[in-house]
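*Asks:* Mind looking over this structure? Questions follow.
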Amino acid sequence: MQTYKAPLRDMRFVLHELHGSAPLTQLRGLEDISPELMDSILEEAGKLAEEVLLPTNTIGDEYGCVLENGVVRTPKGFKDAYDAFRNGGWTALAADPKYGGQGLPESLNKLVEEMICSANLSFSLYPGLTHGAYQAIAAHGSDELKDTYLPKMVDGTWSGTMCLTEAHCGTDLGMLRTRAVPQPDGSYKVSGSKIFISAGEHDLTENIIHLVLARLPDAPKGTRGISLFLVPKFIPTADGRPGARNGVICTALEHKMGIKGSATCQLTFEDATGWLVGDANKGLATMFTMMNSERLSVGIQGLGAAETSYQSAVAYARERIQGRSLGGVKAADKAADPIIVHPDVRRMLMRMRACTEGCRALGGWVARQLDVLERSNDPDARRQAEDFTALMTPVVKALFTDLGFEATNLGMQVYGGHGYIRDHGMEQLVRDARISMIYEGTNGIQALDLVGRKLPQGAGRMLRTFFHPVSDFIERHRNHLLLGEMVKGLEKAFGALQLATGHIAAAGMADPEEAGAAATEYLRLFGLVALGFMWVRSAVIAVEKLAKPDADGGFYKAKLTTARFYMERVLPEVAGLLTAIRAGKRAMMEMEEAAF
Ligand SMILES: Cc1cc2nc3c(=O)[nH]c(=O)nc-3n(C[C@H](O)[C@H](O)[C@H](O)COP(=O)(O)OP(=O)(O)OC[C@H]3O[C@@H](n4cnc5c(N)ncnc54)[C@H](O)[C@@H]3O)c2cc1C
């Protein structure tokens with residue numbers, strides 16, 4: 001089994017010290033929230049992750065889900081774990097009290113999500129998709145739909161799905177064929193086939209609420225002719241219980257590389273009764289409420305997997321003895337030194353740590369802005385938060401999952417051959433984390449979203465919500481007595497980001513293929529600078545805290561050291577990325593197709 005203890009100290013740092021929890025109380029509905037309350041919730045979530053979810057992780061991978069007579073059984077232990085999860089109120093954490101939710105902030109919820117993903121990535125999909133579906137219905141559903149479905153989804157007795165993908169279309173949803181025919185009573189009959197639907201059928205909840213993209217009979221072609229429908233597995237009775245079985249069945253389970261405890265289903269809809277959510281032919285925009293929420297959550301999946309990989313690798317590196325330290329024998333009483341003494345092993349551990357803590361810090365910033373967007377009374381602050389979260393969504397999704405996958409790979413490498421065989425669970429982490437780079441829009445598509453949609457919006461209006469805080473910070477800390485070098489490093493990397501942005505704006509305007517060719521490197525460059533910003537800010541806090549006699553010295557010293565590692569050994573990669581971006585499309589586009 002993997003090693004995992006909820007990283008509560010670092011989570012408290014992100015929540016209270018880096019982003020400050022006091023301003024949360026200025027937001028609507030959070031007036032009474034206290035740091036102590038948030039800490040105790042994090043502690044309880046940590047226990048749940050360590051004691052209930054983690055023990056089901058290996059079993060889930062070994063046994064997977066099984067389809068029998070149209071019914072999917074989740075792996076042994078999942079149902080009990082889900083019941084404990086639901087009974088503990090965790091499905092309701094960030095939902096609106098109007099529907100039975102606890103109304104807690106996303107700043108807290110995203111940290112809890114990370115713990116769930118660290119402990120069991122497969123399990124995280126069931127409540128994760130339900131929360132996304134809840135958000136889409138809450139934002140766009142009629143009052144009747146909201147009143148019928150949301151309380152049950154919030155208390156976790158019903159779960160949700162997102163049904164977009166069809167065999168011939170994943171990225172290009174404009175080609176989808178599922179149809180919805182209006183009925184005299186205002187409902188619709190939905191027919192078609194969907195593939196790859198996570199949590200499409202399972203035994204954890206008494207009902208499953210599918211959000212399905214489909215076309216009306218007279219709909220325009222392409223993405224402008226897609227509508228969103230709510231299709232329950234069981235049609236609720238007048239008193240809100242699961243009633244008649246609806247025309248949606250699971251015809252097969254996908255066999256896949258990882259997340260085996262998550263039921264990935266082929267679903268057939270045959271005259272299934274559904275109801276329109278939002279406006280006709282605006283389904284893609286409506287669904288984006290769910291997709292944006294899921295994109296951030298998928299980013300958190302990458303972070304969660306990285307944390308478990310890191311902790312497991314550290315535990316192993318302390319125990320495994322091989323070779324002697326280049327700096328002189330460290331464990332004279334043993335036949336060899338623990339591998340944690342070797343610079344190359346430390347390179348891997350430090351990289352994992354620096355990227356994981358950096359992503360947690362950046363995720364905390366984005367989550368805070370989600371809270372501002374949802375709850376601030378100040379329209380300017382809400383507008384800024386909307387721009388910022390829209391800008392950062394593709395960055396969080398792609399950067400966190402790329403780095404998360406890299407971290408699971410490094411974790412496996414630290415274990416050597418023992419990581420490649422199954423016993424320690426390290427190869428499971430690699431297999432589980434890999435999908436996060438693909439679903440919810442591949443990371444290549446996230447990069448195109450950043451470059452093609454987010455950068456040009458309002459002549460760079462979105463971009464300014466990130467650029468301004470970074471340049472203000474550099475200005476204020478340029479002459480920092482102890483951290484001047486680090487600030488200079490950030491300034492240089494930020495300069496590279498500005499040059500890359502200018503290059504893409506100019507070259508991409510003349511030739512969209514130039515923007516497409518630079519997109520993935522640009523997103524990585526952007527993300528590395530964002531983590532650099534988080535690291536220098538963290539270092540400034542650490543230095544201030546270390547100057548006080550009662551500081552939690554070990555924690556802040558480690559912060560400072562990790563910040564230094566990131567700034568010296570990771571952030572300089574932006575120079576290579578800038579070179580690649582400036583090289584343009586030629587080398588990849590001039591190859592004749594037949595020559596591949
Ligand atoms: C385990 C699993 C769970 C999933 N869960 C769900 C779910 O719950 N609900 C759901 O609806 N779907 C789900 N999916 C589907 C997933 O979201 C899609 O697989 C993904 O969006 C990619 O679509 P595709 O597989 O059709 O690849 P394609 O769209 O065929 O893409 C193939 C490649 O081409 C690239 N590409 C495509 N178009 C462009 C372009 N215009 N420019 C540049 N590159 C491009 C892609 O980046 C990719 O590398 C799941 C998939 C898996 C494997």
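Labels used: A, B, ... for chains in the order of the structure tokens, numbers from 1 for residues in each chain, and numbers from 1 for ligands as shown.
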Counting only C-alpha atoms and all ligand atoms, what residues are within 8 Å of ligand 1, given as a PDB file with C-alpha atoms, in the first residue's frame?
*Replies:*
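The new file result_20.pdb reads:
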```pdb
ATOM      1  CA  LEU A 129     -18.818  14.290 -10.836  1.00  0.00           C
ATOM      2  CA  THR A 161     -22.532  12.083 -14.400  1.00  0.00           C
ATOM      3  CA  MET A 162     -21.428  14.090 -17.391  1.00  0.00           C
ATOM      4  CA  CYS A 163     -22.372  12.470 -20.728  1.00  0.00           C
ATOM      5  CA  LEU A 164     -20.576  14.204 -23.598  1.00  0.00           C
ATOM      6  CA  THR A 165     -18.362  11.728 -25.415  1.00  0.00           C
ATOM      7  CA  GLU A 166     -19.540   9.530 -28.298  1.00  0.00           C
ATOM      8  CA  ALA A 167     -17.479   6.998 -30.221  1.00  0.00           C
ATOM      9  CA  HIS A 168     -16.836   9.382 -33.130  1.00  0.00           C
ATOM     10  CA  CYS A 169     -16.451  12.576 -31.092  1.00  0.00           C
ATOM     11  CA  GLY A 170     -14.544  13.513 -27.969  1.00  0.00           C
ATOM     12  CA  THR A 171     -12.794  16.840 -28.489  1.00  0.00           C
ATOM     13  CA  ASP A 172     -15.048  17.923 -31.352  1.00  0.00           C
ATOM     14  CA  LYS A 194     -22.286   7.579 -25.145  1.00  0.00           C
ATOM     15  CA  ILE A 195     -18.909   6.079 -24.331  1.00  0.00           C
ATOM     16  CA  PHE A 196     -16.317   6.608 -21.578  1.00  0.00           C
ATOM     17  CA  ILE A 197     -18.892   7.849 -19.059  1.00  0.00           C
ATOM     18  CA  SER A 198     -17.371   7.936 -15.575  1.00  0.00           C
ATOM     19  CA  ALA A 199     -19.688   6.729 -12.804  1.00  0.00           C
ATOM     20  CA  GLY A 200     -22.293   6.007 -15.517  1.00  0.00           C
ATOM     21  CA  GLU A 254     -14.352   0.092 -20.657  1.00  0.00           C
ATOM     22  CA  LYS A 256      -8.496   0.591 -19.132  1.00  0.00           C
ATOM     23  CA  GLY A 258      -5.780   2.780 -14.477  1.00  0.00           C
ATOM     24  CA  ILE A 259      -8.486   4.167 -12.162  1.00  0.00           C
ATOM     25  CA  SER A 262     -13.984   4.041 -11.324  1.00  0.00           C
ATOM     26  CA  THR A 264     -16.134   3.952 -17.052  1.00  0.00           C
ATOM     27  CA  ILE A 435      -5.823   9.696 -17.460  1.00  0.00           C
ATOM     28  CA  ILE A 438      -6.499  13.225 -21.185  1.00  0.00           C
ATOM     29  CA  TYR A 439     -10.024  13.605 -19.885  1.00  0.00           C
ATOM     30  CA  GLU A 440     -11.924  16.858 -19.388  1.00  0.00           C
ATOM     31  CA  GLY A 441     -10.279  18.068 -22.593  1.00  0.00           C
ATOM     32  CA  THR A 442      -6.753  16.817 -23.290  1.00  0.00           C
ATOM     33  CA  ASN A 443      -3.891  18.955 -22.048  1.00  0.00           C
ATOM     34  CA  GLY A 444      -3.225  19.981 -25.647  1.00  0.00           C
ATOM     35  CA  ILE A 445      -6.758  21.347 -25.810  1.00  0.00           C
ATOM     36  CA  LEU A 448      -5.240  25.924 -27.087  1.00  0.00           C
ATOM     37  CA  GLY A 516      -1.237  26.254 -32.080  1.00  0.00           C
TER      38      GLY A 516
END
```
*Asks:* Give me the range 89-141 of chain A side of the contact with range 207-226 of chain A, cut-off 12 Å, one line per residue showing its nearest atom pair and distance in Å at one decimal, counting only C-alpha atoms, sorted by chain and residue number, as a Markdown table.
*Replies:*
```
| residue | atom | partner | partner_atom | distance |
| --- | --- | --- | --- | --- |
| A:Tyr126 | CA | A:Ile208 | CA | 10.4 |
| A:Pro127 | CA | A:Ile208 | CA | 11.6 |
| A:Leu129 | CA | A:His210 | CA | 10.0 |
| A:Thr130 | CA | A:Ile209 | CA | 8.4 |
| A:His131 | CA | A:Ile209 | CA | 11.4 |
| A:Gly132 | CA | A:Leu211 | CA | 10.1 |
| A:Ala133 | CA | A:Leu211 | CA | 6.9 |
| A:Tyr134 | CA | A:Ile209 | CA | 9.6 |
| A:Gln135 | CA | A:Leu211 | CA | 11.4 |
| A:Ala136 | CA | A:Leu211 | CA | 8.8 |
| A:Ile137 | CA | A:Leu211 | CA | 8.9 |
| A:His140 | CA | A:Leu211 | CA | 11.9 |
| A:Gly141 | CA | A:Leu211 | CA | 11.1 |
```
*Asks:* Determine, counting only C-alpha atoms, which protein, DNA and RNA residues have an atom within 12 Å of an atom of Lys152 in chain A; residues of the same chain fewer than 4 positions away are not included. Present the result as a list in words.
*Replies:*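 Those residues are Arg86, Thr91, Ala92, Ala95, Tyr99, Gly100, Gly101, Thr130, His131, Tyr134, Leu145, Lys146, Asp147, Thr148, Gly156, Thr157, Trp158, Ser159, Gly160, Thr205, Glu206, Asn207, Ile208, Ile209, Pro236, Gly240, Arg241 and Pro242 of chain A.
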*Asks:* Would you mind exporting N, CA, C and O atoms of the selected residues as an mmCIF file, in the first residue's frame?
*Replies:*
```cif
data_model
loop_
_atom_site.group_PDB
_atom_site.id
_atom_site.type_symbol
_atom_site.label_atom_id
_atom_site.label_comp_id
_atom_site.auth_asym_id
_atom_site.auth_seq_id
_atom_site.Cartn_x
_atom_site.Cartn_y
_atom_site.Cartn_z
ATOM 1 N N ARG A 86 -20.572 9.668 2.846
ATOM 2 C CA ARG A 86 -21.872 10.351 2.769
ATOM 3 C C ARG A 86 -22.403 10.663 4.172
ATOM 4 O O ARG A 86 -22.835 11.784 4.448
ATOM 5 N N THR A 91 -20.302 14.937 1.131
ATOM 6 C CA THR A 91 -20.864 15.281 -0.186
ATOM 7 C C THR A 91 -21.467 16.689 -0.158
ATOM 8 O O THR A 91 -21.700 17.285 -1.199
ATOM 9 N N ALA A 92 -21.751 17.189 1.049
ATOM 10 C CA ALA A 92 -22.478 18.458 1.175
ATOM 11 C C ALA A 92 -21.566 19.643 1.474
ATOM 12 O O ALA A 92 -22.040 20.782 1.562
ATOM 13 N N ALA A 95 -21.731 22.737 -0.873
ATOM 14 C CA ALA A 95 -23.021 23.001 -1.530
ATOM 15 C C ALA A 95 -23.826 24.048 -0.754
ATOM 16 O O ALA A 95 -23.579 24.307 0.426
ATOM 17 N N TYR A 99 -30.035 23.785 -0.327
ATOM 18 C CA TYR A 99 -30.289 22.401 -0.744
ATOM 19 C C TYR A 99 -29.698 21.404 0.259
ATOM 20 O O TYR A 99 -29.437 20.257 -0.071
ATOM 21 N N GLY A 100 -29.455 21.869 1.459
ATOM 22 C CA GLY A 100 -28.926 20.966 2.484
ATOM 23 C C GLY A 100 -27.409 20.966 2.571
ATOM 24 O O GLY A 100 -26.828 20.160 3.301
ATOM 25 N N GLY A 101 -26.762 21.868 1.831
ATOM 26 C CA GLY A 101 -25.299 21.920 1.864
ATOM 27 C C GLY A 101 -24.786 22.650 3.097
ATOM 28 O O GLY A 101 -25.551 23.272 3.844
ATOM 29 N N THR A 130 -20.558 14.205 -9.163
ATOM 30 C CA THR A 130 -21.839 14.632 -8.587
ATOM 31 C C THR A 130 -21.794 16.123 -8.268
ATOM 32 O O THR A 130 -22.743 16.863 -8.555
ATOM 33 N N HIS A 131 -20.663 16.568 -7.709
ATOM 34 C CA HIS A 131 -20.560 17.982 -7.350
ATOM 35 C C HIS A 131 -20.605 18.862 -8.607
ATOM 36 O O HIS A 131 -21.258 19.908 -8.624
ATOM 37 N N TYR A 134 -24.143 18.901 -9.834
ATOM 38 C CA TYR A 134 -24.891 19.769 -8.907
ATOM 39 C C TYR A 134 -24.710 21.237 -9.308
ATOM 40 O O TYR A 134 -25.674 22.006 -9.376
ATOM 41 N N LEU A 145 -36.509 21.390 -11.293
ATOM 42 C CA LEU A 145 -35.373 20.451 -11.357
ATOM 43 C C LEU A 145 -34.490 20.603 -10.121
ATOM 44 O O LEU A 145 -34.061 19.620 -9.513
ATOM 45 N N LYS A 146 -34.238 21.843 -9.752
ATOM 46 C CA LYS A 146 -33.366 22.073 -8.594
ATOM 47 C C LYS A 146 -33.966 21.454 -7.338
ATOM 48 O O LYS A 146 -33.278 20.763 -6.587
ATOM 49 N N ASP A 147 -35.272 21.696 -7.124
ATOM 50 C CA ASP A 147 -35.894 21.201 -5.890
ATOM 51 C C ASP A 147 -35.977 19.681 -5.876
ATOM 52 O O ASP A 147 -35.879 19.050 -4.831
ATOM 53 N N THR A 148 -36.164 19.088 -7.055
ATOM 54 C CA THR A 148 -36.304 17.625 -7.103
ATOM 55 C C THR A 148 -34.960 16.930 -6.927
ATOM 56 O O THR A 148 -34.872 15.914 -6.228
ATOM 57 N N GLY A 156 -25.927 13.078 -1.100
ATOM 58 C CA GLY A 156 -25.164 11.938 -1.610
ATOM 59 C C GLY A 156 -25.977 10.679 -1.838
ATOM 60 O O GLY A 156 -25.408 9.642 -2.194
ATOM 61 N N THR A 157 -27.307 10.730 -1.652
ATOM 62 C CA THR A 157 -28.081 9.506 -1.932
ATOM 63 C C THR A 157 -28.218 9.304 -3.445
ATOM 64 O O THR A 157 -28.436 8.192 -3.899
ATOM 65 N N TRP A 158 -28.129 10.404 -4.221
ATOM 66 C CA TRP A 158 -28.102 10.304 -5.677
ATOM 67 C C TRP A 158 -26.762 10.874 -6.156
ATOM 68 O O TRP A 158 -26.199 11.773 -5.529
ATOM 69 N N SER A 159 -26.291 10.328 -7.270
ATOM 70 C CA SER A 159 -25.014 10.831 -7.792
ATOM 71 C C SER A 159 -25.216 11.399 -9.197
ATOM 72 O O SER A 159 -26.309 11.284 -9.766
ATOM 73 N N GLY A 160 -24.155 11.976 -9.773
ATOM 74 C CA GLY A 160 -24.286 12.626 -11.083
ATOM 75 C C GLY A 160 -23.236 12.144 -12.077
ATOM 76 O O GLY A 160 -22.220 11.551 -11.697
ATOM 77 N N THR A 205 -25.103 4.565 -5.110
ATOM 78 C CA THR A 205 -26.224 5.459 -4.792
ATOM 79 C C THR A 205 -27.528 4.869 -5.335
ATOM 80 O O THR A 205 -27.506 4.050 -6.258
ATOM 81 N N GLU A 206 -28.646 5.328 -4.791
ATOM 82 C CA GLU A 206 -29.927 4.734 -5.201
ATOM 83 C C GLU A 206 -30.425 5.276 -6.537
ATOM 84 O O GLU A 206 -31.304 4.702 -7.158
ATOM 85 N N ASN A 207 -29.868 6.387 -6.995
ATOM 86 C CA ASN A 207 -30.246 6.923 -8.308
ATOM 87 C C ASN A 207 -29.024 7.613 -8.930
ATOM 88 O O ASN A 207 -28.114 8.053 -8.206
ATOM 89 N N ILE A 208 -28.988 7.668 -10.256
ATOM 90 C CA ILE A 208 -27.875 8.335 -10.957
ATOM 91 C C ILE A 208 -28.478 9.373 -11.912
ATOM 92 O O ILE A 208 -29.367 9.050 -12.709
ATOM 93 N N ILE A 209 -27.990 10.596 -11.805
ATOM 94 C CA ILE A 209 -28.557 11.697 -12.587
ATOM 95 C C ILE A 209 -27.562 12.051 -13.693
ATOM 96 O O ILE A 209 -26.485 12.598 -13.431
ATOM 97 N N PRO A 236 -37.970 10.156 -10.639
ATOM 98 C CA PRO A 236 -38.456 10.343 -9.265
ATOM 99 C C PRO A 236 -39.986 10.343 -9.188
ATOM 100 O O PRO A 236 -40.660 10.860 -10.086
ATOM 101 N N GLY A 240 -40.552 12.154 -4.352
ATOM 102 C CA GLY A 240 -39.088 12.265 -4.416
ATOM 103 C C GLY A 240 -38.329 10.971 -4.242
ATOM 104 O O GLY A 240 -37.120 10.995 -4.003
ATOM 105 N N ARG A 241 -39.012 9.819 -4.376
ATOM 106 C CA ARG A 241 -38.261 8.553 -4.305
ATOM 107 C C ARG A 241 -37.936 8.079 -5.724
ATOM 108 O O ARG A 241 -38.619 8.472 -6.680
ATOM 109 N N PRO A 242 -36.942 7.201 -5.905
ATOM 110 C CA PRO A 242 -36.664 6.685 -7.242
ATOM 111 C C PRO A 242 -37.853 5.864 -7.728
ATOM 112 O O PRO A 242 -38.262 4.925 -7.034
#
```
*Asks:* Between A:Val536, A:Val529, A:Met588, A:Val487, single out the one closest to Ala517 in chain A, counting only C-alpha atoms.
*Replies:*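 Ranking A:Val536, A:Val529, A:Met588, A:Val487 by distance to Ala517 in chain A, first place goes to A:Met588.
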